[in-house]
$ cat work11.pdb   # PDB, C-alpha atoms, pLDDT in the B column
ATOM      1  CA  MET Z  11     -68.979  53.907-165.026  1.00 46.00           C
ATOM      2  CA  LYS Z  12     -72.229  54.206-163.124  1.00 50.00           C
ATOM      3  CA  HIS Z  13     -72.031  51.045-161.069  1.00 50.00           C
ATOM      4  CA  ALA Z  14     -70.184  51.201-157.774  1.00 50.00           C
ATOM      5  CA  LEU Z  15     -69.211  47.908-156.206  1.00 47.00           C
ATOM      6  CA  LYS Z  16     -70.211  48.110-152.581  1.00 47.00           C
ATOM      7  CA  ASN Z  17     -67.629  47.342-149.897  1.00 42.00           C
ATOM      8  CA  SER Z  18     -64.839  47.228-152.432  1.00 50.00           C
ATOM      9  CA  ILE Z  19     -61.903  49.319-153.524  1.00 40.00           C
ATOM     10  CA  GLU Z  20     -62.880  48.556-157.121  1.00 45.00           C
ATOM     11  CA  ASP Z  21     -65.448  51.342-157.103  1.00 59.00           C
ATOM     12  CA  ASN Z  22     -65.794  52.342-160.719  1.00 81.00           C
ATOM     13  CA  MET Z  23     -66.255  50.461-163.971  1.00 83.00           C
ATOM     14  CA  HIS Z  24     -66.278  51.523-167.624  1.00 83.00           C
ATOM     15  CA  GLY Z  25     -69.768  51.256-169.140  1.00 84.00           C
ATOM     16  CA  LEU Z  26     -68.754  48.531-171.606  1.00 86.00           C
ATOM     17  CA  LEU Z  27     -67.506  46.336-168.762  1.00 89.00           C
ATOM     18  CA  GLU Z  28     -70.546  46.994-166.622  1.00 90.00           C
ATOM     19  CA  CYS Z  29     -72.840  45.966-169.484  1.00 91.00           C
ATOM     20  CA  THR Z  30     -70.722  42.860-170.071  1.00 92.00           C
ATOM     21  CA  PHE Z  31     -71.034  41.736-166.454  1.00 93.00           C
ATOM     22  CA  VAL Z  32     -74.771  42.500-166.358  1.00 94.00           C
ATOM     23  CA  ASP Z  33     -75.152  40.393-169.517  1.00 95.00           C
ATOM     24  CA  TYR Z  34     -73.291  37.549-167.801  1.00 95.00           C
ATOM     25  CA  ALA Z  35     -75.626  37.861-164.794  1.00 96.00           C
ATOM     26  CA  ASN Z  36     -78.640  37.653-167.108  1.00 96.00           C
ATOM     27  CA  GLN Z  37     -77.192  34.543-168.785  1.00 96.00           C
ATOM     28  CA  LEU Z  38     -76.724  32.907-165.401  1.00 97.00           C
ATOM     29  CA  ARG Z  39     -80.285  33.776-164.367  1.00 96.00           C
ATOM     30  CA  ALA Z  40     -81.569  32.128-167.550  1.00 97.00           C
ATOM     31  CA  ASN Z  41     -79.421  29.019-167.042  1.00 96.00           C
ATOM     32  CA  TYR Z  42     -80.084  28.700-163.292  1.00 96.00           C
ATOM     33  CA  PRO Z  43     -83.672  29.923-162.725  1.00 95.00           C
ATOM     34  CA  SER Z  44     -83.939  28.383-159.256  1.00 94.00           C
ATOM     35  CA  GLN Z  45     -81.030  30.447-157.912  1.00 94.00           C
ATOM     36  CA  ILE Z  46     -80.939  34.106-156.972  1.00 93.00           C
ATOM     37  CA  ILE Z  47     -78.074  35.674-158.902  1.00 94.00           C
ATOM     38  CA  ARG Z  48     -77.207  39.267-158.107  1.00 93.00           C
ATOM     39  CA  ASN Z  49     -75.184  41.517-160.392  1.00 92.00           C
ATOM     40  CA  ALA Z  50     -72.840  42.292-157.501  1.00 91.00           C
ATOM     41  CA  LYS Z  51     -72.038  38.589-157.095  1.00 93.00           C
ATOM     42  CA  VAL Z  52     -71.098  38.343-160.783  1.00 94.00           C
ATOM     43  CA  PHE Z  53     -68.983  41.525-160.546  1.00 92.00           C
ATOM     44  CA  ALA Z  54     -67.212  40.314-157.391  1.00 92.00           C
ATOM     45  CA  SER Z  55     -66.289  36.971-158.934  1.00 94.00           C
ATOM     46  CA  GLY Z  56     -65.560  38.295-162.429  1.00 94.00           C
ATOM     47  CA  VAL Z  57     -63.362  41.299-161.669  1.00 93.00           C
ATOM     48  CA  PRO Z  58     -60.434  39.339-160.139  1.00 94.00           C
ATOM     49  CA  GLU Z  59     -60.614  36.674-162.836  1.00 95.00           C
ATOM     50  CA  PHE Z  60     -60.821  39.141-165.724  1.00 94.00           C
ATOM     51  CA  ALA Z  61     -57.996  41.213-164.218  1.00 94.00           C
ATOM     52  CA  ARG Z  62     -55.806  38.133-163.801  1.00 94.00           C
ATOM     53  CA  LEU Z  63     -56.248  37.312-167.493  1.00 93.00           C
ATOM     54  CA  GLY Z  64     -55.624  40.899-168.638  1.00 90.00           C
ATOM     55  CA  PHE Z  65     -59.152  41.503-169.919  1.00 91.00           C
ATOM     56  CA  ILE Z  66     -59.566  44.459-167.563  1.00 92.00           C
ATOM     57  CA  GLU Z  67     -57.199  46.749-165.701  1.00 90.00           C
ATOM     58  CA  LEU Z  68     -57.502  49.296-162.942  1.00 91.00           C
ATOM     59  CA  VAL Z  69     -56.376  52.793-163.974  1.00 90.00           C
ATOM     60  CA  ASN Z  70     -56.161  55.959-161.926  1.00 89.00           C
ATOM     61  CA  ALA Z  71     -55.873  59.322-163.700  1.00 88.00           C
ATOM     62  CA  ARG Z  72     -54.251  60.834-160.624  1.00 88.00           C
ATOM     63  CA  THR Z  73     -51.318  58.398-160.652  1.00 89.00           C
ATOM     64  CA  GLY Z  74     -50.909  58.271-164.435  1.00 87.00           C
ATOM     65  CA  ILE Z  75     -52.546  56.658-167.421  1.00 87.00           C
ATOM     66  CA  PRO Z  76     -50.539  53.845-169.033  1.00 84.00           C
ATOM     67  CA  GLU Z  77     -49.104  54.257-172.519  1.00 81.00           C
ATOM     68  CA  GLY Z  78     -51.153  52.863-175.389  1.00 81.00           C
ATOM     69  CA  ILE Z  79     -54.633  53.576-174.056  1.00 83.00           C
ATOM     70  CA  PRO Z  80     -56.857  54.839-176.907  1.00 83.00           C
ATOM     71  CA  ASP Z  81     -57.885  58.491-176.812  1.00 85.00           C
ATOM     72  CA  PHE Z  82     -61.570  57.706-176.197  1.00 84.00           C
ATOM     73  CA  LEU Z  83     -60.637  55.718-173.077  1.00 87.00           C
ATOM     74  CA  VAL Z  84     -58.220  58.397-171.866  1.00 88.00           C
ATOM     75  CA  ARG Z  85     -61.067  60.927-172.024  1.00 88.00           C
ATOM     76  CA  THR Z  86     -63.345  58.525-170.146  1.00 86.00           C
ATOM     77  CA  ILE Z  87     -60.724  57.952-167.445  1.00 88.00           C
ATOM     78  CA  LYS Z  88     -60.129  61.670-166.984  1.00 89.00           C
ATOM     79  CA  ARG Z  89     -63.881  62.413-166.847  1.00 87.00           C
ATOM     80  CA  ALA Z  90     -64.603  59.679-164.318  1.00 85.00           C
ATOM     81  CA  LYS Z  91     -65.888  61.183-161.106  1.00 84.00           C
ATOM     82  CA  HIS Z  92     -64.525  58.369-158.962  1.00 85.00           C
ATOM     83  CA  GLN Z  93     -61.004  57.042-159.350  1.00 86.00           C
ATOM     84  CA  PRO Z  94     -59.629  54.438-159.973  1.00 90.00           C
ATOM     85  CA  ILE Z  95     -61.674  52.977-162.831  1.00 89.00           C
ATOM     86  CA  TRP Z  96     -61.735  49.525-164.398  1.00 91.00           C
ATOM     87  CA  ILE Z  97     -61.211  49.697-168.166  1.00 90.00           C
ATOM     88  CA  PRO Z  98     -60.774  47.081-170.915  1.00 90.00           C
ATOM     89  CA  GLY Z  99     -57.262  45.650-170.637  1.00 88.00           C
ATOM     90  CA  VAL Z 100     -54.634  44.626-173.161  1.00 86.00           C
ATOM     91  CA  ASN Z 101     -56.155  41.185-173.721  1.00 88.00           C
ATOM     92  CA  PHE Z 102     -59.726  42.436-174.153  1.00 88.00           C
ATOM     93  CA  PRO Z 103     -60.867  41.247-177.602  1.00 88.00           C
ATOM     94  CA  ASP Z 104     -61.009  43.608-180.583  1.00 84.00           C
ATOM     95  CA  ASP Z 105     -64.708  42.793-180.918  1.00 84.00           C
ATOM     96  CA  PRO Z 106     -66.327  43.194-177.468  1.00 84.00           C
ATOM     97  CA  TRP Z 107     -68.818  40.410-178.196  1.00 86.00           C
ATOM     98  CA  ASP Z 108     -65.940  37.925-178.468  1.00 88.00           C
ATOM     99  CA  ILE Z 109     -65.497  38.119-174.704  1.00 91.00           C
ATOM    100  CA  ASN Z 110     -68.613  35.933-174.418  1.00 91.00           C
ATOM    101  CA  GLU Z 111     -66.760  33.199-176.307  1.00 91.00           C
ATOM    102  CA  GLN Z 112     -63.619  33.511-174.194  1.00 93.00           C
ATOM    103  CA  MET Z 113     -65.168  33.706-170.723  1.00 95.00           C
ATOM    104  CA  LYS Z 114     -68.064  31.505-169.655  1.00 95.00           C
ATOM    105  CA  PRO Z 115     -69.709  31.816-166.227  1.00 96.00           C
ATOM    106  CA  TYR Z 116     -71.130  28.825-164.361  1.00 95.00           C
ATOM    107  CA  MET Z 117     -72.680  28.294-160.964  1.00 95.00           C
ATOM    108  CA  LEU Z 118     -70.999  25.873-158.602  1.00 94.00           C
ATOM    109  CA  ASN Z 119     -73.236  25.606-155.541  1.00 90.00           C
ATOM    110  CA  ASP Z 120     -73.777  29.308-154.740  1.00 90.00           C
ATOM    111  CA  GLU Z 121     -70.566  30.605-156.305  1.00 94.00           C
ATOM    112  CA  VAL Z 122     -69.990  32.002-159.781  1.00 95.00           C
ATOM    113  CA  VAL Z 123     -67.027  30.292-161.439  1.00 96.00           C
ATOM    114  CA  TRP Z 124     -65.422  31.210-164.756  1.00 96.00           C
ATOM    115  CA  GLN Z 125     -64.136  29.089-167.585  1.00 95.00           C
ATOM    116  CA  HIS Z 126     -61.536  30.710-169.823  1.00 93.00           C
ATOM    117  CA  ILE Z 127     -61.327  29.593-173.438  1.00 92.00           C
ATOM    118  CA  PRO Z 128     -58.223  31.166-175.015  1.00 88.00           C
ATOM    119  CA  SER Z 129     -58.699  33.134-178.204  1.00 78.00           C
ATOM    120  CA  LYS Z 130     -57.170  31.947-181.432  1.00 77.00           C
ATOM    121  CA  ARG Z 131     -56.404  35.572-182.335  1.00 71.00           C
ATOM    122  CA  ARG Z 132     -54.275  38.053-180.452  1.00 71.00           C
ATOM    123  CA  SER Z 133     -55.942  41.252-179.300  1.00 65.00           C
ATOM    124  CA  THR Z 134     -54.684  44.228-181.318  1.00 66.00           C
ATOM    125  CA  TRP Z 135     -56.870  47.168-180.313  1.00 61.00           C
ATOM    126  CA  ARG Z 136     -54.354  48.493-177.782  1.00 61.00           C
ATOM    127  CA  LEU Z 137     -51.447  47.941-180.179  1.00 60.00           C
ATOM    128  CA  ARG Z 138     -53.161  50.103-182.802  1.00 55.00           C
ATOM    129  CA  ALA Z 139     -53.723  52.827-180.204  1.00 51.00           C
ATOM    130  CA  LEU Z 140     -50.100  52.610-179.077  1.00 51.00           C
ATOM    131  CA  THR Z 141     -48.913  53.001-182.659  1.00 53.00           C
ATOM    132  CA  ARG Z 142     -51.176  56.029-183.193  1.00 51.00           C
ATOM    133  CA  SER Z 143     -50.082  57.674-179.946  1.00 52.00           C
ATOM    134  CA  SER Z 144     -46.416  57.111-180.811  1.00 50.00           C
ATOM    135  CA  VAL Z 145     -46.927  58.679-184.235  1.00 46.00           C
ATOM    136  CA  ASN Z 146     -48.811  61.625-182.712  1.00 51.00           C
ATOM    137  CA  ARG Z 147     -46.060  62.161-180.156  1.00 49.00           C
ATOM    138  CA  ILE Z 148     -43.402  62.190-182.897  1.00 46.00           C
ATOM    139  CA  LEU Z 149     -45.397  64.591-185.078  1.00 47.00           C
ATOM    140  CA  HIS Z 150     -46.186  67.042-182.294  1.00 50.00           C
TER     141      HIS Z 150
END

$ encode --input "work11.pdb" --output "structure tokens"
Amino acid sequence: MKHALKNSIEDNMHGLLECTFVDYANQLRANYPSQIIRNAKVFASGVPEFARLGFIELVNARTGIPEGIPDFLVRTIKRAKHQPIWIPGVNFPDDPWDINEQMKPYMLNDEVVWQHIPSKRRSTWRLRALTRSSVNRILH
């Protein structure tokens, strides 16, 4: 949530996603020591790719929070100072570390490119939250 992407409408990012992209930048620096790799470059290339694959989604509390978002993320979205905010999407893995197995960054000349390796398991963390929110709505 702390990192603002400069010159972009994608201003705000959930802390888990920010840490994930910083980790990817560190991996690239280790694999390509002769190149200067900035976090912003990794964010700029990763955000569209991750969004396309459903790993992240842009949510704005002012226009409405989608159904099925877990309570802890709803609180984070509502507390965010800057809107909209990138949050883990429906295809984000149940175990956050699994994202490193599904998305691999590489350098091609001076550009960061991403290789997607589909998961063998379907993501269920949002489904569980949707079920809980539906039950809570029925009970209350």

$ atom_distance --input "work11.pdb" --atom1 "atom CA of Asn70 of chain Z" --atom2 "atom CA of Val84 of chain Z"
10.4 Å

$ residues_around --input "work11.pdb" --residues "Ser55 of chain Z" --least-positions-apart "2" --cutoff "10 Å" --atoms "only C-alpha atoms" --output "list in words"
Ala50, Lys51, Val52, Phe53, Val57, Pro58, Glu59, Phe60, Pro115, Glu121, Val122, Val123 and Trp124 of chain Z

$ closest_residue --input "work11.pdb" --among "Z:Asn119, Z:Arg131, Z:Pro94, Z:Arg48" --to "Arg72 of chain Z" --atoms "all atoms listed in the file"
Z:Pro94

$ residues_around --input "work11.pdb" --residues "Ile46 of chain Z" --least-positions-apart "4" --cutoff "9 Å" --atoms "all atoms listed in the file" --output "list in words"
Arg39, Tyr42 and Asp120 of chain Z

$ residues_around --input "work11.pdb" --residues "Ile127 of chain Z" --least-positions-apart "6" --cutoff "12 Å" --atoms "all atoms listed in the file" --output "PyMOL selection string"
chain Z and resi 63+108-115

$ residues_around --input "work11.pdb" --residues "segment 23-28 of chain Z" --least-positions-apart "5" --cutoff "10 Å" --atoms "all atoms listed in the file" --output "number ranges by chain"
Z: 11-15, 33-34, 49, 53, 57, 65-68, 83, 86-87, 90, 92-98, 106

$ write_last_selection --input "work11.pdb" --atoms "C-alpha atoms" --output "PDB file, in the coordinates of the input"
ATOM      1  CA  MET Z  11     -68.979  53.907-165.026  1.00 46.00           C
ATOM      2  CA  LYS Z  12     -72.229  54.206-163.124  1.00 50.00           C
ATOM      3  CA  HIS Z  13     -72.031  51.045-161.069  1.00 50.00           C
ATOM      4  CA  ALA Z  14     -70.184  51.201-157.774  1.00 50.00           C
ATOM      5  CA  LEU Z  15     -69.211  47.908-156.206  1.00 47.00           C
ATOM      6  CA  ASP Z  33     -75.152  40.393-169.517  1.00 95.00           C
ATOM      7  CA  TYR Z  34     -73.291  37.549-167.801  1.00 95.00           C
ATOM      8  CA  ASN Z  49     -75.184  41.517-160.392  1.00 92.00           C
ATOM      9  CA  PHE Z  53     -68.983  41.525-160.546  1.00 92.00           C
ATOM     10  CA  VAL Z  57     -63.362  41.299-161.669  1.00 93.00           C
ATOM     11  CA  PHE Z  65     -59.152  41.503-169.919  1.00 91.00           C
ATOM     12  CA  ILE Z  66     -59.566  44.459-167.563  1.00 92.00           C
ATOM     13  CA  GLU Z  67     -57.199  46.749-165.701  1.00 90.00           C
ATOM     14  CA  LEU Z  68     -57.502  49.296-162.942  1.00 91.00           C
ATOM     15  CA  LEU Z  83     -60.637  55.718-173.077  1.00 87.00           C
ATOM     16  CA  THR Z  86     -63.345  58.525-170.146  1.00 86.00           C
ATOM     17  CA  ILE Z  87     -60.724  57.952-167.445  1.00 88.00           C
ATOM     18  CA  ALA Z  90     -64.603  59.679-164.318  1.00 85.00           C
ATOM     19  CA  HIS Z  92     -64.525  58.369-158.962  1.00 85.00           C
ATOM     20  CA  GLN Z  93     -61.004  57.042-159.350  1.00 86.00           C
ATOM     21  CA  PRO Z  94     -59.629  54.438-159.973  1.00 90.00           C
ATOM     22  CA  ILE Z  95     -61.674  52.977-162.831  1.00 89.00           C
ATOM     23  CA  TRP Z  96     -61.735  49.525-164.398  1.00 91.00           C
ATOM     24  CA  ILE Z  97     -61.211  49.697-168.166  1.00 90.00           C
ATOM     25  CA  PRO Z  98     -60.774  47.081-170.915  1.00 90.00           C
ATOM     26  CA  PRO Z 106     -66.327  43.194-177.468  1.00 84.00           C
TER      27      PRO Z 106
END

$ atom_distance --input "work11.pdb" --atom1 "atom CA of Leu118 of chain Z" --atom2 "atom CA of Gln45 of chain Z"
11.0 Å

$ atom_distance --input "work11.pdb" --atom1 "atom CA of Asp105 of chain Z" --atom2 "atom CA of Gln125 of chain Z"
19.1 Å

$ closest_residue --input "work11.pdb" --among "Z:Ala71, Z:Ile79, Z:Ala61, Z:Ala35" --to "Tyr116 of chain Z" --atoms "all atoms listed in the file"
Z:Ala35

$ closest_residue --input "work11.pdb" --among "Z:Asn36, Z:Phe102, Z:Phe31, Z:Val69" --to "Ala54 of chain Z" --atoms "all atoms listed in the file"
Z:Phe31

$ closest_residue --input "work11.pdb" --among "Z:Ile75, Z:Met117, Z:Asn101, Z:Lys88" --to "Ile47 of chain Z" --atoms "all atoms listed in the file"
Z:Met117

$ decode --input "work11.pdb" --residues "segment 34-59 of chain Z" --atoms "N, CA, C and O atoms" --output "CSV table (one decimal), in the first residue's frame"
chain,number,residue,atom,x,y,z
Z,34,TYR,N,10.6,-10.0,-6.9
Z,34,TYR,CA,10.9,-10.3,-8.3
Z,34,TYR,C,12.0,-9.4,-8.8
Z,34,TYR,O,12.9,-9.9,-9.5
Z,35,ALA,N,12.0,-8.1,-8.4
Z,35,ALA,CA,13.1,-7.2,-8.8
Z,35,ALA,C,14.5,-7.7,-8.2
Z,35,ALA,O,15.5,-7.7,-8.9
Z,36,ASN,N,14.4,-8.2,-7.0
Z,36,ASN,CA,15.7,-8.7,-6.4
Z,36,ASN,C,16.2,-10.0,-7.1
Z,36,ASN,O,17.4,-10.1,-7.3
Z,37,GLN,N,15.2,-10.8,-7.5
Z,37,GLN,CA,15.6,-12.0,-8.3
Z,37,GLN,C,16.3,-11.6,-9.6
Z,37,GLN,O,17.3,-12.2,-10.0
Z,38,LEU,N,15.7,-10.6,-10.3
Z,38,LEU,CA,16.3,-10.2,-11.5
Z,38,LEU,C,17.6,-9.6,-11.3
Z,38,LEU,O,18.5,-9.8,-12.2
Z,39,ARG,N,17.8,-8.8,-10.3
Z,39,ARG,CA,19.1,-8.2,-10.0
Z,39,ARG,C,20.2,-9.3,-9.8
Z,39,ARG,O,21.3,-9.2,-10.2
Z,40,ALA,N,19.8,-10.4,-9.1
Z,40,ALA,CA,20.7,-11.5,-8.8
Z,40,ALA,C,21.0,-12.3,-10.1
Z,40,ALA,O,22.2,-12.7,-10.4
Z,41,ASN,N,20.0,-12.4,-11.0
Z,41,ASN,CA,20.2,-13.2,-12.2
Z,41,ASN,C,20.9,-12.3,-13.3
Z,41,ASN,O,21.5,-12.9,-14.3
Z,42,TYR,N,20.8,-11.0,-13.3
Z,42,TYR,CA,21.3,-10.1,-14.3
Z,42,TYR,C,22.1,-9.0,-13.6
Z,42,TYR,O,21.7,-7.8,-13.6
Z,43,PRO,N,23.3,-9.3,-13.0
Z,43,PRO,CA,24.0,-8.3,-12.2
Z,43,PRO,C,24.6,-7.2,-13.1
Z,43,PRO,O,24.8,-6.1,-12.5
Z,44,SER,N,24.7,-7.3,-14.4
Z,44,SER,CA,25.3,-6.3,-15.2
Z,44,SER,C,24.2,-5.2,-15.6
Z,44,SER,O,24.6,-4.2,-16.1
Z,45,GLN,N,23.0,-5.5,-15.3
Z,45,GLN,CA,21.9,-4.6,-15.7
Z,45,GLN,C,21.4,-3.8,-14.5
Z,45,GLN,O,21.3,-4.4,-13.4
Z,46,ILE,N,20.9,-2.6,-14.7
Z,46,ILE,CA,20.3,-1.9,-13.6
Z,46,ILE,C,18.8,-2.2,-13.7
Z,46,ILE,O,18.1,-1.9,-14.7
Z,47,ILE,N,18.2,-2.7,-12.7
Z,47,ILE,CA,16.8,-3.1,-12.6
Z,47,ILE,C,16.2,-2.4,-11.5
Z,47,ILE,O,16.5,-2.6,-10.3
Z,48,ARG,N,15.3,-1.5,-11.9
Z,48,ARG,CA,14.5,-0.7,-10.9
Z,48,ARG,C,13.2,-1.4,-10.5
Z,48,ARG,O,12.6,-2.0,-11.4
Z,49,ASN,N,12.8,-1.2,-9.3
Z,49,ASN,CA,11.5,-1.7,-8.8
Z,49,ASN,C,10.4,-1.2,-9.7
Z,49,ASN,O,9.5,-2.0,-10.1
Z,50,ALA,N,10.4,0.0,-10.1
Z,50,ALA,CA,9.3,0.6,-10.9
Z,50,ALA,C,9.2,-0.1,-12.2
Z,50,ALA,O,8.1,-0.2,-12.8
Z,51,LYS,N,10.4,-0.5,-12.8
Z,51,LYS,CA,10.3,-1.2,-14.1
Z,51,LYS,C,9.6,-2.5,-14.0
Z,51,LYS,O,8.8,-2.9,-14.8
Z,52,VAL,N,9.9,-3.2,-12.8
Z,52,VAL,CA,9.3,-4.5,-12.6
Z,52,VAL,C,7.8,-4.3,-12.4
Z,52,VAL,O,6.9,-5.1,-12.9
Z,53,PHE,N,7.4,-3.3,-11.6
Z,53,PHE,CA,6.0,-3.0,-11.3
Z,53,PHE,C,5.3,-2.7,-12.7
Z,53,PHE,O,4.2,-3.2,-12.9
Z,54,ALA,N,5.9,-1.8,-13.5
Z,54,ALA,CA,5.2,-1.4,-14.7
Z,54,ALA,C,5.0,-2.5,-15.7
Z,54,ALA,O,4.0,-2.6,-16.4
Z,55,SER,N,5.9,-3.5,-15.7
Z,55,SER,CA,5.8,-4.6,-16.6
Z,55,SER,C,4.9,-5.7,-16.0
Z,55,SER,O,4.2,-6.4,-16.7
Z,56,GLY,N,4.9,-5.8,-14.7
Z,56,GLY,CA,4.2,-6.9,-14.0
Z,56,GLY,C,2.7,-6.6,-13.8
Z,56,GLY,O,1.9,-7.5,-14.0
Z,57,VAL,N,2.4,-5.4,-13.5
Z,57,VAL,CA,1.0,-5.1,-13.2
Z,57,VAL,C,0.0,-5.4,-14.4
Z,57,VAL,O,-1.0,-6.1,-14.2
Z,58,PRO,N,0.3,-5.0,-15.6
Z,58,PRO,CA,-0.6,-5.4,-16.7
Z,58,PRO,C,-0.7,-6.9,-16.9
Z,58,PRO,O,-1.7,-7.5,-17.2
Z,59,GLU,N,0.5,-7.6,-16.8
Z,59,GLU,CA,0.5,-9.0,-17.0
Z,59,GLU,C,-0.3,-9.8,-15.9
Z,59,GLU,O,-1.0,-10.7,-16.2
